[in-house]
$ cat query-v7.cif   # mmCIF, C-alpha atoms and all ligand atoms
data_data
loop_
_atom_site.label_atom_id
_atom_site.label_comp_id
_atom_site.auth_asym_id
_atom_site.auth_seq_id
_atom_site.Cartn_x
_atom_site.Cartn_y
_atom_site.Cartn_z
CA MET A 1 -176.04 -29.56 77.86
CA LYS A 2 -177.38 -26.21 76.65
CA ARG A 3 -177.23 -23.45 79.26
CA LYS A 4 -180.66 -22.03 80.09
CA ILE A 5 -181.17 -18.30 80.05
CA ILE A 6 -183.79 -15.77 81.09
CA ILE A 7 -183.80 -12.22 79.75
CA ASN A 8 -186.07 -9.75 81.50
CA THR A 9 -186.45 -6.39 79.78
CA LEU A 10 -187.89 -3.21 81.27
CA GLY A 11 -188.33 0.12 79.52
CA CYS A 12 -188.09 1.36 75.98
CA LYS A 13 -187.80 -0.04 72.45
CA VAL A 14 -184.03 0.50 72.50
CA ASN A 15 -183.74 -1.86 75.49
CA GLN A 16 -185.94 -4.33 73.64
CA TYR A 17 -183.69 -4.18 70.58
CA GLU A 18 -180.60 -4.70 72.73
CA SER A 19 -182.15 -7.64 74.61
CA ALA A 20 -183.16 -9.26 71.31
CA SER A 21 -179.54 -9.02 70.19
CA PHE A 22 -178.34 -10.63 73.48
CA LEU A 23 -180.80 -13.47 72.93
CA CYS A 24 -179.50 -14.11 69.40
CA ALA A 25 -175.90 -14.11 70.61
CA PHE A 26 -176.73 -16.49 73.50
CA LYS A 27 -178.47 -18.87 71.09
CA GLU A 28 -175.53 -18.75 68.70
CA SER A 29 -173.30 -19.72 71.66
CA GLY A 30 -175.41 -22.82 72.30
CA CYS A 31 -177.78 -21.52 75.02
CA ARG A 32 -181.55 -21.74 75.02
CA LEU A 33 -184.36 -19.90 76.76
CA ALA A 34 -185.39 -21.47 80.09
CA LYS A 35 -188.91 -22.83 80.05
CA GLU A 36 -191.60 -21.65 82.50
CA GLY A 37 -190.69 -22.98 85.98
CA GLU A 38 -187.22 -24.19 84.94
CA ASP A 39 -184.11 -23.06 86.85
CA ALA A 40 -181.98 -20.75 84.73
CA ASP A 41 -178.17 -20.80 84.51
CA ILE A 42 -177.98 -17.19 83.39
CA VAL A 43 -180.42 -14.37 84.20
CA VAL A 44 -180.10 -11.05 82.38
CA ILE A 45 -182.07 -8.02 83.58
CA ASN A 46 -182.09 -5.04 81.22
CA THR A 47 -183.22 -2.24 83.55
CA CYS A 48 -184.85 1.16 83.13
CA ALA A 49 -184.49 4.40 85.10
CA VAL A 50 -186.68 6.83 83.18
CA THR A 51 -188.75 7.53 86.31
CA ALA A 52 -188.15 6.83 90.00
CA LYS A 53 -190.89 4.18 89.68
CA ALA A 54 -189.06 2.46 86.80
CA GLY A 55 -185.93 2.35 88.99
CA ALA A 56 -187.92 0.78 91.84
CA GLN A 57 -189.41 -1.78 89.44
CA SER A 58 -185.92 -2.62 88.20
CA ARG A 59 -184.72 -3.27 91.79
CA GLN A 60 -187.79 -5.38 92.51
CA THR A 61 -187.26 -7.46 89.37
CA ILE A 62 -183.61 -8.06 90.26
CA ARG A 63 -184.50 -9.20 93.80
CA LYS A 64 -187.33 -11.42 92.59
CA LEU A 65 -185.24 -13.15 89.91
CA MET A 66 -182.25 -13.59 92.26
CA ARG A 67 -184.51 -15.29 94.81
CA ARG A 68 -186.11 -17.45 92.15
CA HIS A 69 -182.76 -18.49 90.57
CA PRO A 70 -180.25 -18.52 93.47
CA ASP A 71 -177.58 -20.46 91.54
CA ALA A 72 -177.74 -18.48 88.33
CA ARG A 73 -175.17 -16.03 87.06
CA VAL A 74 -177.01 -12.71 87.17
CA VAL A 75 -176.18 -9.98 84.68
CA ILE A 76 -177.66 -6.54 85.26
CA THR A 77 -177.53 -3.89 82.57
CA GLY A 78 -179.52 -0.92 81.25
CA CYS A 79 -180.17 2.59 82.50
CA TYR A 80 -180.69 1.73 86.16
CA ALA A 81 -177.44 -0.26 86.20
CA GLN A 82 -175.64 2.65 84.52
CA LEU A 83 -176.95 5.15 87.04
CA SER A 84 -176.77 3.13 90.25
CA ALA A 85 -174.04 0.52 89.73
CA ASN A 86 -172.52 1.00 93.20
CA GLU A 87 -175.88 0.82 94.94
CA LEU A 88 -176.60 -2.39 93.02
CA ALA A 89 -173.22 -3.87 93.93
CA GLU A 90 -174.18 -3.42 97.62
CA MET A 91 -177.62 -4.92 97.09
CA VAL A 92 -176.76 -8.11 95.18
CA ASP A 93 -175.24 -11.39 96.23
CA GLY A 94 -173.86 -14.45 94.38
CA SER A 95 -172.28 -14.42 90.94
CA VAL A 96 -173.21 -11.04 89.53
CA CYS A 97 -172.05 -8.95 86.61
CA ILE A 98 -173.09 -5.30 86.19
CA VAL A 99 -172.74 -4.00 82.65
CA GLY A 100 -173.04 -0.28 81.85
CA ASN A 101 -174.88 0.97 78.76
CA GLY A 102 -171.60 1.69 77.00
CA ASN A 103 -170.40 -1.92 77.35
CA LYS A 104 -173.42 -3.91 76.26
CA HIS A 105 -171.43 -5.47 73.40
CA PHE A 106 -169.38 -7.36 76.05
CA LEU A 107 -172.44 -8.59 77.95
CA VAL A 108 -172.91 -12.04 76.43
CA GLU A 109 -169.22 -12.89 76.69
CA ALA A 110 -169.17 -11.78 80.35
CA ALA A 111 -172.32 -13.77 81.10
CA LEU A 112 -170.82 -16.94 79.61
CA GLU A 113 -167.50 -16.69 81.47
CA VAL A 114 -166.70 -20.11 82.94
CA ASN A 115 -165.04 -19.10 86.22
CA PRO A 116 -166.34 -15.61 86.90
CA CYS A 117 -165.53 -13.51 89.99
CA ASP A 118 -168.36 -12.97 92.46
CA LEU A 119 -168.81 -9.43 91.24
CA THR A 120 -167.75 -8.11 87.86
CA MET A 121 -168.42 -4.48 86.93
CA LEU A 122 -168.09 -3.48 83.30
CA MET A 123 -168.74 0.23 83.64
CA SER A 124 -167.47 3.21 81.67
CA LYS A 125 -167.92 6.99 81.64
CA ILE A 126 -171.00 7.12 79.45
CA LEU A 127 -170.79 10.89 78.95
CA ASN A 128 -167.44 10.43 77.17
CA LYS A 129 -168.61 7.72 74.79
CA LYS A 130 -167.95 8.45 71.13
CA GLU A 131 -169.23 5.26 69.52
CA ILE A 132 -172.37 3.20 69.78
CA CYS A 133 -172.09 -0.46 70.88
CA HIS A 134 -172.33 -2.74 67.87
CA LEU A 135 -175.21 -5.14 68.57
CA PRO A 136 -176.20 -6.96 65.39
CA MET A 137 -178.69 -9.82 65.33
CA ARG A 138 -180.08 -12.41 62.96
CA GLN A 139 -183.69 -12.21 64.04
CA PHE A 140 -185.82 -10.03 66.32
CA GLY A 141 -187.63 -12.64 68.38
CA GLU A 142 -190.50 -14.38 66.66
CA ARG A 143 -192.35 -11.25 65.68
CA THR A 144 -193.70 -9.89 62.42
CA ARG A 145 -192.25 -6.54 63.40
CA ALA A 146 -188.61 -5.84 64.30
CA TYR A 147 -187.10 -2.82 65.99
CA LEU A 148 -183.99 -1.38 64.42
CA ARG A 149 -181.86 0.70 66.76
CA VAL A 150 -180.16 3.30 64.58
CA GLN A 151 -178.93 5.64 67.29
CA ASP A 152 -178.28 5.86 71.03
CA GLY A 153 -177.97 8.79 73.45
CA CYS A 154 -179.34 12.31 73.70
CA GLU A 155 -177.90 15.79 74.21
CA ASN A 156 -181.08 17.72 74.84
CA PHE A 157 -181.07 17.66 78.64
CA CYS A 158 -184.80 18.28 79.09
CA THR A 159 -185.09 19.27 82.73
CA TYR A 160 -187.24 16.28 83.77
CA CYS A 161 -185.19 13.62 81.98
CA ILE A 162 -182.33 11.49 83.25
CA VAL A 163 -181.67 9.76 79.92
CA PRO A 164 -178.71 11.91 78.74
CA PHE A 165 -176.92 10.77 81.93
CA THR A 166 -177.70 7.09 81.40
CA ARG A 167 -177.23 6.86 77.65
CA GLY A 168 -174.57 9.52 76.97
CA PRO A 169 -174.22 11.71 73.87
CA SER A 170 -175.82 10.89 70.54
CA ARG A 171 -174.03 8.12 68.65
CA SER A 172 -175.29 6.61 65.40
CA VAL A 173 -174.87 3.25 63.71
CA PRO A 174 -172.96 3.62 60.40
CA ILE A 175 -175.12 3.20 57.29
CA ASP A 176 -173.41 0.00 56.04
CA LYS A 177 -174.20 -1.74 59.35
CA MET A 178 -177.84 -0.56 59.14
CA LEU A 179 -178.13 -1.94 55.62
CA ASP A 180 -176.63 -5.30 56.71
CA GLN A 181 -179.07 -5.46 59.61
CA VAL A 182 -182.15 -4.84 57.45
CA VAL A 183 -181.00 -7.58 55.04
CA ARG A 184 -180.83 -9.95 58.04
CA PHE A 185 -184.29 -8.90 59.21
CA HIS A 186 -185.62 -9.45 55.68
CA GLU A 187 -184.06 -12.94 55.58
CA ALA A 188 -185.59 -13.69 58.99
CA GLY A 189 -189.04 -12.89 57.58
CA HIS A 190 -189.78 -9.60 59.33
CA ARG A 191 -192.15 -7.51 57.21
CA GLU A 192 -192.07 -4.29 59.22
CA ILE A 193 -189.14 -2.47 60.79
CA VAL A 194 -189.61 0.22 63.40
CA VAL A 195 -186.66 2.60 63.23
CA THR A 196 -185.87 3.48 66.79
CA GLY A 197 -183.34 5.25 68.97
CA ILE A 198 -183.18 7.45 72.02
CA HIS A 199 -183.28 10.60 69.89
CA VAL A 200 -183.53 9.42 66.26
CA GLY A 201 -183.69 12.93 64.83
CA LEU A 202 -180.00 13.28 65.71
CA TYR A 203 -179.13 10.34 63.46
CA GLY A 204 -175.86 10.83 61.61
CA LYS A 205 -174.74 14.07 63.30
CA ASP A 206 -171.80 12.29 64.94
CA LEU A 207 -170.72 10.44 61.79
CA ASN A 208 -169.04 11.81 58.69
CA GLU A 209 -171.20 9.94 56.24
CA GLY A 210 -173.52 12.72 55.08
CA TYR A 211 -176.66 10.99 56.38
CA ASP A 212 -179.45 12.39 58.49
CA ILE A 213 -182.74 10.79 59.54
CA SER A 214 -184.42 11.69 56.21
CA SER A 215 -181.70 10.25 54.01
CA LEU A 216 -181.41 7.22 56.29
CA MET A 217 -185.15 6.50 55.89
CA ASN A 218 -184.94 7.06 52.15
CA THR A 219 -181.99 4.69 51.84
CA LEU A 220 -183.56 1.96 53.99
CA CYS A 221 -186.89 2.18 52.15
CA LYS A 222 -185.21 1.95 48.74
CA ALA A 223 -182.90 -0.88 49.81
CA GLN A 224 -185.75 -3.10 51.07
CA PRO A 225 -188.93 -2.25 49.14
CA GLU A 226 -190.75 -5.33 50.49
CA ILE A 227 -190.42 -4.15 54.08
CA ARG A 228 -192.58 -1.45 55.67
CA PHE A 229 -190.56 1.08 57.67
CA ARG A 230 -192.05 3.06 60.52
CA LEU A 231 -190.40 5.81 62.53
CA SER A 232 -190.83 5.22 66.26
CA SER A 233 -190.75 8.75 67.70
CA ILE A 234 -189.39 12.04 66.45
CA GLU A 235 -188.91 15.39 68.14
CA PRO A 236 -191.12 18.13 66.58
CA LEU A 237 -188.25 20.35 65.45
CA GLU A 238 -186.70 17.44 63.59
CA ILE A 239 -189.69 16.93 61.27
CA SER A 240 -188.13 18.65 58.27
CA ASP A 241 -189.72 19.24 54.87
CA THR A 242 -187.31 16.63 53.51
CA LEU A 243 -188.52 14.06 56.02
CA ILE A 244 -192.12 14.72 55.02
CA ASP A 245 -191.21 14.55 51.30
CA THR A 246 -189.43 11.25 51.90
CA MET A 247 -192.51 9.87 53.65
CA LYS A 248 -194.65 11.04 50.75
CA SER A 249 -192.43 9.62 48.05
CA CYS A 250 -191.57 6.20 49.56
CA ASP A 251 -194.55 3.83 49.51
CA ASN A 252 -193.00 1.69 52.21
CA PHE A 253 -192.32 4.57 54.65
CA MET A 254 -195.45 4.37 56.81
CA PRO A 255 -197.48 7.60 57.21
CA HIS A 256 -197.11 7.85 60.95
CA PHE A 257 -195.55 10.51 63.17
CA HIS A 258 -195.17 9.92 66.88
CA ILE A 259 -194.25 13.29 68.39
CA PRO A 260 -193.51 14.27 71.99
CA LEU A 261 -195.40 17.46 72.89
CA GLN A 262 -195.19 17.18 76.71
CA SER A 263 -197.03 20.46 77.37
CA GLY A 264 -199.12 22.98 75.45
CA ASP A 265 -198.12 25.87 77.68
CA ASP A 266 -195.19 28.09 76.72
CA THR A 267 -193.98 28.74 80.28
CA ILE A 268 -193.95 25.02 81.06
CA LEU A 269 -192.29 24.15 77.74
CA ASN A 270 -189.60 26.68 78.54
CA ARG A 271 -189.09 25.25 82.03
CA MET A 272 -188.89 21.78 80.49
CA HIS A 273 -186.18 23.02 78.09
CA ARG A 274 -188.04 21.62 75.10
CA GLY A 275 -186.80 24.23 72.62
CA TYR A 276 -190.15 25.04 70.93
CA ASP A 277 -193.33 26.86 71.81
CA ARG A 278 -196.98 26.00 71.35
CA GLU A 279 -197.36 27.89 68.07
CA THR A 280 -194.31 26.23 66.53
CA PHE A 281 -195.61 22.82 67.55
CA LEU A 282 -199.02 23.55 66.09
CA ASN A 283 -197.50 24.70 62.80
CA ILE A 284 -195.48 21.49 62.55
CA ILE A 285 -198.63 19.42 63.03
CA ARG A 286 -200.46 21.53 60.43
CA LYS A 287 -197.59 20.93 57.99
CA CYS A 288 -197.71 17.14 58.56
CA LYS A 289 -201.48 17.04 58.11
CA LYS A 290 -201.50 19.26 55.03
CA ASN A 291 -198.88 17.15 53.28
CA ILE A 292 -200.05 13.70 54.40
CA PRO A 293 -203.70 14.04 55.44
CA HIS A 294 -204.10 10.32 56.17
CA ALA A 295 -201.01 10.15 58.44
CA ALA A 296 -201.36 8.91 62.01
CA ILE A 297 -200.22 11.51 64.50
CA GLY A 298 -199.47 10.23 67.98
CA ILE A 299 -198.63 12.65 70.77
CA ASP A 300 -196.78 12.16 74.08
CA VAL A 301 -197.94 14.42 76.92
CA LEU A 302 -196.88 14.88 80.55
CA THR A 303 -199.25 16.22 83.17
CA GLY A 304 -198.32 17.77 86.50
CA PHE A 305 -194.89 19.20 85.62
CA PRO A 306 -193.83 21.61 88.42
CA GLY A 307 -195.68 24.90 88.00
CA GLU A 308 -198.55 23.42 85.97
CA GLY A 309 -201.58 25.20 87.39
CA LYS A 310 -205.12 25.22 86.02
CA LYS A 311 -204.30 27.77 83.32
CA GLU A 312 -201.24 25.90 82.08
CA PHE A 313 -203.09 22.60 82.02
CA ALA A 314 -205.98 24.20 80.11
CA ASN A 315 -203.45 25.34 77.49
CA THR A 316 -202.31 21.74 77.04
CA ARG A 317 -205.87 20.47 76.83
CA ASN A 318 -207.02 23.04 74.30
CA LEU A 319 -203.92 22.51 72.15
CA LEU A 320 -204.66 18.79 72.08
CA GLU A 321 -208.27 19.54 71.14
CA GLU A 322 -207.05 21.67 68.28
CA ILE A 323 -204.51 19.14 67.04
CA GLU A 324 -207.02 16.26 66.79
CA ALA A 325 -204.28 13.64 66.99
CA SER A 326 -204.83 9.95 66.19
CA TYR A 327 -203.85 8.90 69.70
CA PHE A 328 -202.13 10.28 72.81
CA HIS A 329 -199.78 8.70 75.30
CA VAL A 330 -200.35 10.55 78.57
CA PHE A 331 -198.16 10.14 81.65
CA PRO A 332 -198.04 11.94 84.97
CA TYR A 333 -194.79 13.79 85.63
CA SER A 334 -192.75 11.92 88.17
CA LYS A 335 -189.88 13.46 90.06
CA ARG A 336 -186.57 11.98 88.87
CA PRO A 337 -183.79 12.55 91.42
CA GLY A 338 -180.71 13.94 89.67
CA THR A 339 -182.67 16.13 87.22
CA PRO A 340 -183.14 19.91 87.57
CA ALA A 341 -186.96 19.67 87.66
CA ALA A 342 -186.82 17.51 90.80
CA SER A 343 -185.86 20.58 92.79
CA TYR A 344 -188.23 23.04 91.06
CA ALA A 345 -190.75 24.87 93.22
CA ASN A 346 -194.50 24.32 92.83
CA GLN A 347 -194.46 20.53 92.50
CA VAL A 348 -197.97 19.35 91.63
CA PRO A 349 -199.66 16.90 94.03
CA GLY A 350 -199.92 13.35 92.66
CA ASN A 351 -203.72 13.22 92.79
CA VAL A 352 -204.04 16.41 90.72
CA SER A 353 -201.61 15.07 88.17
CA GLN A 354 -203.50 11.76 87.95
CA GLN A 355 -206.81 13.56 87.52
CA ARG A 356 -205.33 15.47 84.59
CA VAL A 357 -204.02 12.22 83.12
CA ALA A 358 -207.55 10.79 83.26
CA GLU A 359 -208.98 13.90 81.61
CA LEU A 360 -206.48 13.82 78.76
CA ARG A 361 -206.82 10.08 78.29
CA ALA A 362 -210.58 10.51 77.89
CA LEU A 363 -209.93 13.23 75.31
CA GLY A 364 -207.40 10.91 73.65
CA ALA A 365 -209.98 8.12 73.41
CA ARG A 366 -212.42 10.51 71.66
CA SER A 367 -209.72 11.76 69.33
CA LYS A 368 -208.70 8.20 68.44
CA LEU A 369 -212.28 7.18 67.74
CA SER A 370 -212.78 10.14 65.47
CA PHE A 371 -209.53 9.33 63.56
CA HIS A 372 -210.60 5.70 63.11
CA THR A 373 -214.12 6.70 62.05
CA LYS A 374 -212.68 8.90 59.31
CA PHE A 375 -211.29 5.81 57.57
CA LEU A 376 -214.38 3.60 57.80
CA LYS A 377 -215.68 2.32 54.46
CA THR A 378 -212.21 2.57 52.93
CA GLU A 379 -209.48 0.02 52.23
CA ARG A 380 -206.03 0.16 53.78
CA PRO A 381 -202.98 -2.12 53.64
CA VAL A 382 -202.65 -4.21 56.81
CA LEU A 383 -199.71 -6.28 57.98
CA VAL A 384 -201.28 -9.38 59.52
CA GLU A 385 -199.89 -10.37 62.93
CA HIS A 386 -198.75 -13.92 63.65
CA SER A 387 -201.13 -14.57 66.53
CA ARG A 388 -204.91 -14.50 66.80
CA THR A 389 -206.99 -12.35 69.14
CA VAL A 390 -208.81 -13.89 72.13
CA ASP A 391 -211.91 -14.30 69.99
CA ASN A 392 -209.87 -16.04 67.31
CA GLN A 393 -209.73 -13.23 64.76
CA LEU A 394 -206.77 -12.08 62.72
CA SER A 395 -205.42 -8.64 63.53
CA GLY A 396 -202.95 -6.10 62.28
CA PHE A 397 -202.13 -2.44 61.85
CA THR A 398 -202.90 -0.36 58.79
CA ASP A 399 -200.17 1.74 57.23
CA ASN A 400 -201.48 4.68 59.29
CA TYR A 401 -201.46 2.70 62.52
CA ILE A 402 -205.12 1.81 62.92
CA PRO A 403 -205.48 -1.52 64.71
CA VAL A 404 -208.00 -3.70 62.91
CA VAL A 405 -209.45 -7.19 63.48
CA PHE A 406 -211.00 -9.41 60.83
CA SER A 407 -211.72 -13.02 59.90
CA GLY A 408 -209.29 -14.95 57.73
CA ASP A 409 -207.03 -17.97 57.31
CA ASP A 410 -203.72 -18.52 59.06
CA GLU A 411 -201.90 -18.32 55.74
CA LEU A 412 -202.52 -14.56 55.71
CA MET A 413 -200.32 -14.14 58.79
CA GLY A 414 -197.17 -12.16 58.04
CA GLN A 415 -198.60 -10.82 54.75
CA ILE A 416 -199.53 -7.26 53.84
CA ILE A 417 -203.08 -7.38 52.49
CA PRO A 418 -205.81 -4.83 51.69
CA VAL A 419 -208.48 -4.74 54.39
CA TYR A 420 -211.82 -2.94 54.18
CA LEU A 421 -212.44 -1.03 57.43
CA ASP A 422 -216.10 -1.78 57.94
CA ARG A 423 -217.31 -0.62 61.35
CA ILE A 424 -216.38 0.04 64.94
CA HIS A 425 -217.46 -2.58 67.42
CA LYS A 426 -216.60 -2.21 71.13
CA ASP A 427 -213.96 0.42 70.31
CA LEU A 428 -212.27 -1.88 67.79
CA VAL A 429 -212.18 -1.40 64.05
CA GLN A 430 -213.73 -4.47 62.49
CA GLY A 431 -212.51 -5.10 58.95
CA LYS A 432 -213.07 -7.52 56.07
CA THR A 433 -210.46 -8.99 53.79
CA VAL A 434 -211.10 -7.55 50.36
CA GLY A 435 -213.03 -9.83 48.04
CA LYS A 436 -214.76 -11.70 50.91
S1 LIG B 1 -185.13 14.76 74.09
FE1 LIG B 1 -185.46 15.29 76.22
S2 LIG B 1 -186.94 13.77 76.93
FE2 LIG B 1 -186.06 12.94 75.07
S3 LIG B 1 -184.34 11.63 75.77
FE3 LIG B 1 -183.53 13.69 75.30
S4 LIG B 1 -183.52 14.74 77.25
FE4 LIG B 1 -184.91 12.96 77.49
#

$ encode --input "query-v7.cif" --output "structure tokens" --more "lines below"
Ligand code: SF4
Amino acid sequence: MKRKIIINTLGCKVNQYESASFLCAFKESGCRLAKEGEDADIVVINTCAVTAKAGAQSRQTIRKLMRRHPDARVVITGCYAQLSANELAEMVDGSVCIVGNGNKHFLVEAALEVNPCDLTMLMSKILNKKEICHLPMRQFGERTRAYLRVQDGCENFCTYCIVPFTRGPSRSVPIDKMLDQVVRFHEAGHREIVVTGIHVGLYGKDLNEGYDISSLMNTLCKAQPEIRFRLSSIEPLEISDTLIDTMKSCDNFMPHFHIPLQSGDDTILNRMHRGYDRETFLNIIRKCKKNIPHAAIGIDVLTGFPGEGKKEFANTRNLLEEIEASYFHVFPYSKRPGTPAASYANQVPGNVSQQRVAELRALGARSKLSFHTKFLKTERPVLVEHSRTVDNQLSGFTDNYIPVVFSGDDELMGQIIPVYLDRIHKDLVQGKTVGK
């Protein structure tokens, strides 16, 4: 009988990629996903530790799934497992395996072991890792869109971030393996690939292949012209002229930059160890907009970093007003034990930080609306999603990341079609398939 598995994934796109590869490997070994309410034989929890809250959620999820599936073999991996393996070993009971981030390629084999010990720990010194775990897959779930993990790790050591300690130094996937993986995604029917990593701008620096993020994107786009490629997130200083030229010259490299700003105040940026100042950031945005005026520009911002007073926050707000981004992702700073910023003076009270989040999110909503409005009464290519909205419409994203809903037949699902962006209704862009 097929063994039944559950995979619970917290955190980022890289975790999602890795979990999708576990699922493929489990299926190839004769397992299947447990149905709703069914007892699982194997439970995998891919944890996150990016904030203290994410760590607490990871612990909660582990406890809940262990209670719900008392006879299952439980496998815990991800950033929380990497950071707190010993604490977890004390907390858990039953047949448990803890797999560090550097050993994820052994996870499925360890989970399937026939006579496992009560507690197996597959940990390694992540800071010494020189190679990325090889985690290929045939298909990325059932989705139209697949994530492609091209790189792992980060060496920036921003003062609020624990990730360099959970993921180790930057390691890249060799180009031949990337090309094999995109062929597999193409065969599986994925029409869009989101190139992702912990710090993708460092792609290739650890390899001797002569590739960087620009030449990687160029190579992937040329190798699979029928697939749209989108870059998930890129640090501002890594948006080179070559990257912009590549985006301009490859029709299937989507015009979309997602850029972490974090703060618009120079003192705070310096305390965060971000490596750029406000003026440099602004010039990079100007360069992107000048070269690709229709590009989506998404911005990540943190509010309430230690030392952020009214003046510093106002600097962030007025920079965001000036940038006129397509959307913002705003989060309150949360103290991460083990990072330098956790012990900085002048921590900002939670309610002040939340109030600033609300203010920036409101600004973000206006900015988004104005970006969407700019493209009304024009046509843009849309990749149609495989599921319908609650009111039974088709939906999809334009090349420049505008979500749009429209009427149409099921056969359009999974296709890239021109859609006329007609109007905005209840904050949603309502489109029409061209010719209808
Ligand atoms: S660049 Fe900074 S914020 Fe991003 S993963 Fe590296 S250390 Fe963390």

$ residues_near_ligand --input "query-v7.cif" --ligand "ligand LIG 1 (chain B)" --cutoff "10 Å" --atoms "all atoms listed in the file" --output "ChimeraX atom specification"
/A:50,152-167,169-170,197-202,233-235,260,262,272-275

$ residues_around --input "query-v7.cif" --residues "region 125-142 of chain A" --least-positions-apart "5" --cutoff "7 Å" --atoms "only C-alpha atoms" --output "MDAnalysis selection string"
chainID A and resid 18 20:21 24 102:105 152 165:169 171:173 181 184:185 188

$ write_last_selection --input "query-v7.cif" --atoms "C-alpha atoms" --output "compact mmCIF listing (two decimals), keeping the file's coordinate frame"
# COMPACT_ATOMS: atom_id res chain seq x y z
CA GLU A 18 -180.60 -4.70 72.73
CA ALA A 20 -183.16 -9.26 71.31
CA SER A 21 -179.54 -9.02 70.19
CA CYS A 24 -179.50 -14.11 69.40
CA GLY A 102 -171.60 1.69 77.00
CA ASN A 103 -170.40 -1.92 77.35
CA LYS A 104 -173.42 -3.91 76.26
CA HIS A 105 -171.43 -5.47 73.40
CA ASP A 152 -178.28 5.86 71.03
CA PHE A 165 -176.92 10.77 81.93
CA THR A 166 -177.70 7.09 81.40
CA ARG A 167 -177.23 6.86 77.65
CA GLY A 168 -174.57 9.52 76.97
CA PRO A 169 -174.22 11.71 73.87
CA ARG A 171 -174.03 8.12 68.65
CA SER A 172 -175.29 6.61 65.40
CA VAL A 173 -174.87 3.25 63.71
CA GLN A 181 -179.07 -5.46 59.61
CA ARG A 184 -180.83 -9.95 58.04
CA PHE A 185 -184.29 -8.90 59.21
CA ALA A 188 -185.59 -13.69 58.99

$ closest_residue --input "query-v7.cif" --among "A:Val114, A:Val419, A:Val92, A:Ala52" --to "Lys64 (chain A)" --atoms "only C-alpha atoms"
A:Val92

$ atom_distance --input "query-v7.cif" --atom1 "CA of Ile7 (chain A)" --atom2 "CA of Val74 (chain A)"
10.1 Å

$ closest_residue --input "query-v7.cif" --among "A:Gly210, A:Pro381, A:Gly37, A:Gly304" --to "Pro349 (chain A)" --atoms "all atoms listed in the file"
A:Gly304

$ residues_around --input "query-v7.cif" --residues "region 305-322 of chain A" --least-positions-apart "5" --cutoff "10 Å" --atoms "only C-alpha atoms" --output "VMD selection string"
chain A and resid 160 261 to 269 271 to 272 278 to 279 281 to 282 299 328 332 to 335 341 to 349 352 to 353 356 359 to 360 363 to 364 366 to 367

$ closest_residue --input "query-v7.cif" --among "A:Thr242, A:Gln430, A:Ser326, A:Ser387" --to "Leu412 (chain A)" --atoms "all atoms listed in the file"
A:Ser387

$ atom_distance --input "query-v7.cif" --atom1 "CA of Tyr327 (chain A)" --atom2 "CA of Ala365 (chain A)"
7.2 Å

$ closest_residue --input "query-v7.cif" --among "A:Gly396, A:Tyr17, A:Leu237, A:Val44" --to "Leu107 (chain A)" --atoms "only C-alpha atoms"
A:Val44

$ decode --input "query-v7.cif" --residues "region 3-13 of chain A" --atoms "N, CA and C atoms" --output "short mmCIF file (atom, residue, chain, number, x, y, z; two decimals), in the first residue's frame"
data_model
loop_
_atom_site.label_atom_id
_atom_site.label_comp_id
_atom_site.auth_asym_id
_atom_site.auth_seq_id
_atom_site.Cartn_x
_atom_site.Cartn_y
_atom_site.Cartn_z
N ARG A 3 2.47 4.66 0.91
CA ARG A 3 2.56 5.42 2.17
C ARG A 3 2.00 6.83 1.96
N LYS A 4 1.30 7.32 2.99
CA LYS A 4 0.63 8.62 2.86
C LYS A 4 1.48 9.71 3.52
N ILE A 5 1.64 10.80 2.81
CA ILE A 5 2.51 11.85 3.33
C ILE A 5 1.78 13.19 3.43
N ILE A 6 2.29 14.01 4.35
CA ILE A 6 1.85 15.40 4.47
C ILE A 6 3.11 16.24 4.44
N ILE A 7 3.10 17.31 3.65
CA ILE A 7 4.23 18.24 3.68
C ILE A 7 3.68 19.62 4.02
N ASN A 8 4.14 20.17 5.12
CA ASN A 8 3.68 21.49 5.54
C ASN A 8 4.85 22.47 5.37
N THR A 9 4.62 23.53 4.62
CA THR A 9 5.72 24.45 4.31
C THR A 9 5.46 25.84 4.85
N LEU A 10 6.38 26.35 5.63
CA LEU A 10 6.29 27.73 6.11
C LEU A 10 7.37 28.53 5.36
N GLY A 11 7.18 29.86 5.32
CA GLY A 11 8.27 30.70 4.84
C GLY A 11 8.31 30.98 3.35
N CYS A 12 9.55 31.06 2.85
CA CYS A 12 9.81 31.71 1.56
C CYS A 12 9.65 30.79 0.35
N LYS A 13 9.88 31.38 -0.83
CA LYS A 13 9.77 30.64 -2.10
C LYS A 13 10.82 29.53 -2.18
#
